Structure formats: structure tokens, C-alpha cells
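**Q** Once you've had a glance at the structure underneath, I'll fire off some questions.
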Amino acid sequence: MNAALDWTEPAELYAVLGAFRARNAHYFRFSSAAEAIRFAIEDMPAAALRGMAVESGDNRYEGQQIRALYDAQDYPLERAKR
């Protein structure tokens, strides 16, 4: 799934928290896709994952795809201790 993902390419994270309303939408920009994915998993509420999307280059990853990227063997950053 992540063969086309360049972990170092800039990325954007879109998140809708709580009810699906514009006022609950959040946008974040990161210098790398790896940082965006780490933020999505480690810093955002777990329940918000279903309303998240990470865009990097021509790629878009949503919900459980973001989790799978974070758990991927080639994920380049140190993960938080669980």
C-alpha cells in the first residue's frame, strides 16, 4: 500500500472531530508524511481516525490506511511507547 508514499514529502492532515460539521474540521500541514501520520495516531483522539485523511503528493490515505502506514515495518520515525 505504501510503495508510492515518499515518507519525506510534505503532507496535509484533514480531520473532522465530533459531529461532521465545518466548525469541527481541522487542517494541519507537516514537512513530511511520516510526521503527519505520527501526529494523526499519537496526538489525535483515536475515535477521530475515521474522520481523518492524510494527503501527500498524489496520494490520499484515510482512517485505517493511516493506522496501517504507522504500523508498517518501513515507517521511518520512532513510535510512541505503548
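Following the order of the C-alpha cells, first chain is A, next is B, and so on, with residues numbered from 1 inside each chain and ligands from 1 in the order they appear.
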Give the strand (DSSP E or B) residues of region 2-80 of chain A, as DSSP finds them on the backbone, and put them as a list in words.
**A**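 DSSP on the backbone gives strand (DSSP E or B) at Ala11, Glu12, Leu13, Tyr14, Ala15, Val16, Ala25, His26, Tyr27, Phe28, Arg29, Phe30, Met52, Ala53, Val54, Glu55, Ser56, Asn59, Arg60, Tyr61 and Glu62 of chain A.
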**Q** Could you save the residues just selected, with C-alpha atoms, as a PDB file, in the first residue's frame?
**A**
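For reference, selection21.pdb as written:
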```pdb
ATOM      1  CA  ALA A  11       1.772  16.271   3.771  1.00  0.00           C
ATOM      2  CA  GLU A  12      -1.537  17.676   4.926  1.00  0.00           C
ATOM      3  CA  LEU A  13      -3.844  16.223   7.532  1.00  0.00           C
ATOM      4  CA  TYR A  14      -7.566  16.871   7.447  1.00  0.00           C
ATOM      5  CA  ALA A  15      -9.583  15.876  10.497  1.00  0.00           C
ATOM      6  CA  VAL A  16     -13.225  16.182  11.445  1.00  0.00           C
ATOM      7  CA  ALA A  25     -12.892  20.496  10.780  1.00  0.00           C
ATOM      8  CA  HIS A  26      -9.152  20.894  11.333  1.00  0.00           C
ATOM      9  CA  TYR A  27      -6.282  21.285   8.882  1.00  0.00           C
ATOM     10  CA  PHE A  28      -2.606  20.673   9.644  1.00  0.00           C
ATOM     11  CA  ARG A  29       0.449  20.917   7.390  1.00  0.00           C
ATOM     12  CA  PHE A  30       3.600  18.864   8.017  1.00  0.00           C
ATOM     13  CA  MET A  52      -9.110  11.798   9.051  1.00  0.00           C
ATOM     14  CA  ALA A  53      -7.277  11.952   5.755  1.00  0.00           C
ATOM     15  CA  VAL A  54      -3.589  12.466   5.029  1.00  0.00           C
ATOM     16  CA  GLU A  55      -2.649  13.796   1.604  1.00  0.00           C
ATOM     17  CA  SER A  56       0.908  13.659   0.326  1.00  0.00           C
ATOM     18  CA  ASN A  59      -1.774  10.058  -2.539  1.00  0.00           C
ATOM     19  CA  ARG A  60      -4.654  10.201  -0.085  1.00  0.00           C
ATOM     20  CA  TYR A  61      -4.912   7.905   2.928  1.00  0.00           C
ATOM     21  CA  GLU A  62      -7.952   7.683   5.183  1.00  0.00           C
TER      22      GLU A  62
END
```
**Q** Identify, on the basis of only C-alpha atoms, every residue whose closest approach to Tyr70 (chain A) does not exceed 9 Å; exclude the query and any residue fewer than 5 positions from it along the same chain; express the result as a PyMOL selection string.
**A** chain A and resi 34+37-38+41+65+75+79
**Q** Run DSSP on the backbone and grab whatever in chain A lands in alpha helix (DSSP H); send it over as a PyMOL selection string.
**A** chain A and resi 33-42+63-71
**Q** Include N, CA, C and O atoms and write out the residues we just selected as a CSV table (one decimal), in the first residue's frame.
**A**
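Output file out.csv is given in full below:
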```
chain,number,residue,atom,x,y,z
A,33,ALA,N,5.4,13.3,5.3
A,33,ALA,CA,4.2,12.4,5.5
A,33,ALA,C,4.4,11.6,6.8
A,33,ALA,O,3.4,11.4,7.5
A,34,ALA,N,5.6,11.2,7.1
A,34,ALA,CA,5.8,10.5,8.3
A,34,ALA,C,5.4,11.2,9.6
A,34,ALA,O,4.8,10.7,10.5
A,35,GLU,N,5.7,12.5,9.6
A,35,GLU,CA,5.2,13.4,10.7
A,35,GLU,C,3.7,13.5,10.8
A,35,GLU,O,3.1,13.5,11.9
A,36,ALA,N,3.1,13.7,9.7
A,36,ALA,CA,1.6,13.8,9.6
A,36,ALA,C,1.0,12.5,10.2
A,36,ALA,O,0.0,12.6,10.9
A,37,ILE,N,1.5,11.4,9.7
A,37,ILE,CA,0.9,10.1,10.2
A,37,ILE,C,1.2,9.9,11.7
A,37,ILE,O,0.3,9.4,12.4
A,38,ARG,N,2.4,10.3,12.2
A,38,ARG,CA,2.6,10.1,13.6
A,38,ARG,C,1.7,11.0,14.4
A,38,ARG,O,1.1,10.6,15.4
A,39,PHE,N,1.5,12.2,13.9
A,39,PHE,CA,0.6,13.2,14.6
A,39,PHE,C,-0.9,12.6,14.7
A,39,PHE,O,-1.5,12.6,15.7
A,40,ALA,N,-1.3,12.1,13.5
A,40,ALA,CA,-2.7,11.5,13.4
A,40,ALA,C,-2.9,10.4,14.5
A,40,ALA,O,-3.9,10.3,15.1
A,41,ILE,N,-1.9,9.5,14.6
A,41,ILE,CA,-2.0,8.4,15.5
A,41,ILE,C,-1.7,8.7,17.0
A,41,ILE,O,-2.4,8.3,17.9
A,42,GLU,N,-0.7,9.5,17.2
A,42,GLU,CA,-0.2,9.7,18.6
A,42,GLU,C,-0.8,10.9,19.3
A,42,GLU,O,-1.0,10.9,20.5
A,63,GLY,N,-8.5,7.0,7.4
A,63,GLY,CA,-8.8,6.1,8.5
A,63,GLY,C,-7.8,5.0,8.8
A,63,GLY,O,-6.7,5.3,9.1
A,64,GLN,N,-8.3,3.8,8.6
A,64,GLN,CA,-7.4,2.6,8.9
A,64,GLN,C,-6.2,2.6,8.0
A,64,GLN,O,-5.2,1.9,8.3
A,65,GLN,N,-6.2,3.2,6.8
A,65,GLN,CA,-5.0,3.3,6.0
A,65,GLN,C,-3.9,4.0,6.7
A,65,GLN,O,-2.7,3.7,6.6
A,66,ILE,N,-4.3,5.1,7.4
A,66,ILE,CA,-3.3,5.9,8.2
A,66,ILE,C,-2.7,5.0,9.3
A,66,ILE,O,-1.5,5.0,9.5
A,67,ARG,N,-3.5,4.2,10.0
A,67,ARG,CA,-3.1,3.3,11.0
A,67,ARG,C,-2.1,2.3,10.4
A,67,ARG,O,-1.1,2.0,11.0
A,68,ALA,N,-2.4,1.7,9.3
A,68,ALA,CA,-1.6,0.7,8.6
A,68,ALA,C,-0.2,1.3,8.3
A,68,ALA,O,0.8,0.6,8.4
A,69,LEU,N,-0.2,2.6,7.8
A,69,LEU,CA,1.1,3.2,7.5
A,69,LEU,C,1.9,3.4,8.7
A,69,LEU,O,3.1,3.1,8.7
A,70,TYR,N,1.3,3.8,9.8
A,70,TYR,CA,2.0,4.0,11.1
A,70,TYR,C,2.6,2.6,11.6
A,70,TYR,O,3.7,2.6,12.1
A,71,ASP,N,1.9,1.6,11.4
A,71,ASP,CA,2.3,0.2,11.8
A,71,ASP,C,3.2,-0.5,10.8
A,71,ASP,O,3.8,-1.5,11.2
```
**Q** Just how far from CA of Glu9 (chain A) is CA of Gly57 (chain A), in Å to one decimal?
**A**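 Computed distance, CA of Gly57 (chain A) to CA of Glu9 (chain A), equals 7.2 Å.
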**Q** Please, what distance in Å, to one decimal, runs between CA of Thr8 (chain A) and CA of Asp43 (chain A)?
**A**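 Taking CA of Thr8 (chain A) as the start and CA of Asp43 (chain A) as the end point, the length is 19.5 Å.
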**Q** If I take CA of Ala47 (chain A) and CA of Ala80 (chain A), how far is one from the other in Å, to one decimal?
**A** 17.9 Å
**Q** Out of A:Leu49, A:Leu17, A:Leu5, A:Met44, which residue has the shortest atom-to-atom distance to Ala72 (chain A) when counting only C-alpha atoms?
**A**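 Of the candidates, the smallest distance to Ala72 (chain A) is held by A:Leu5.
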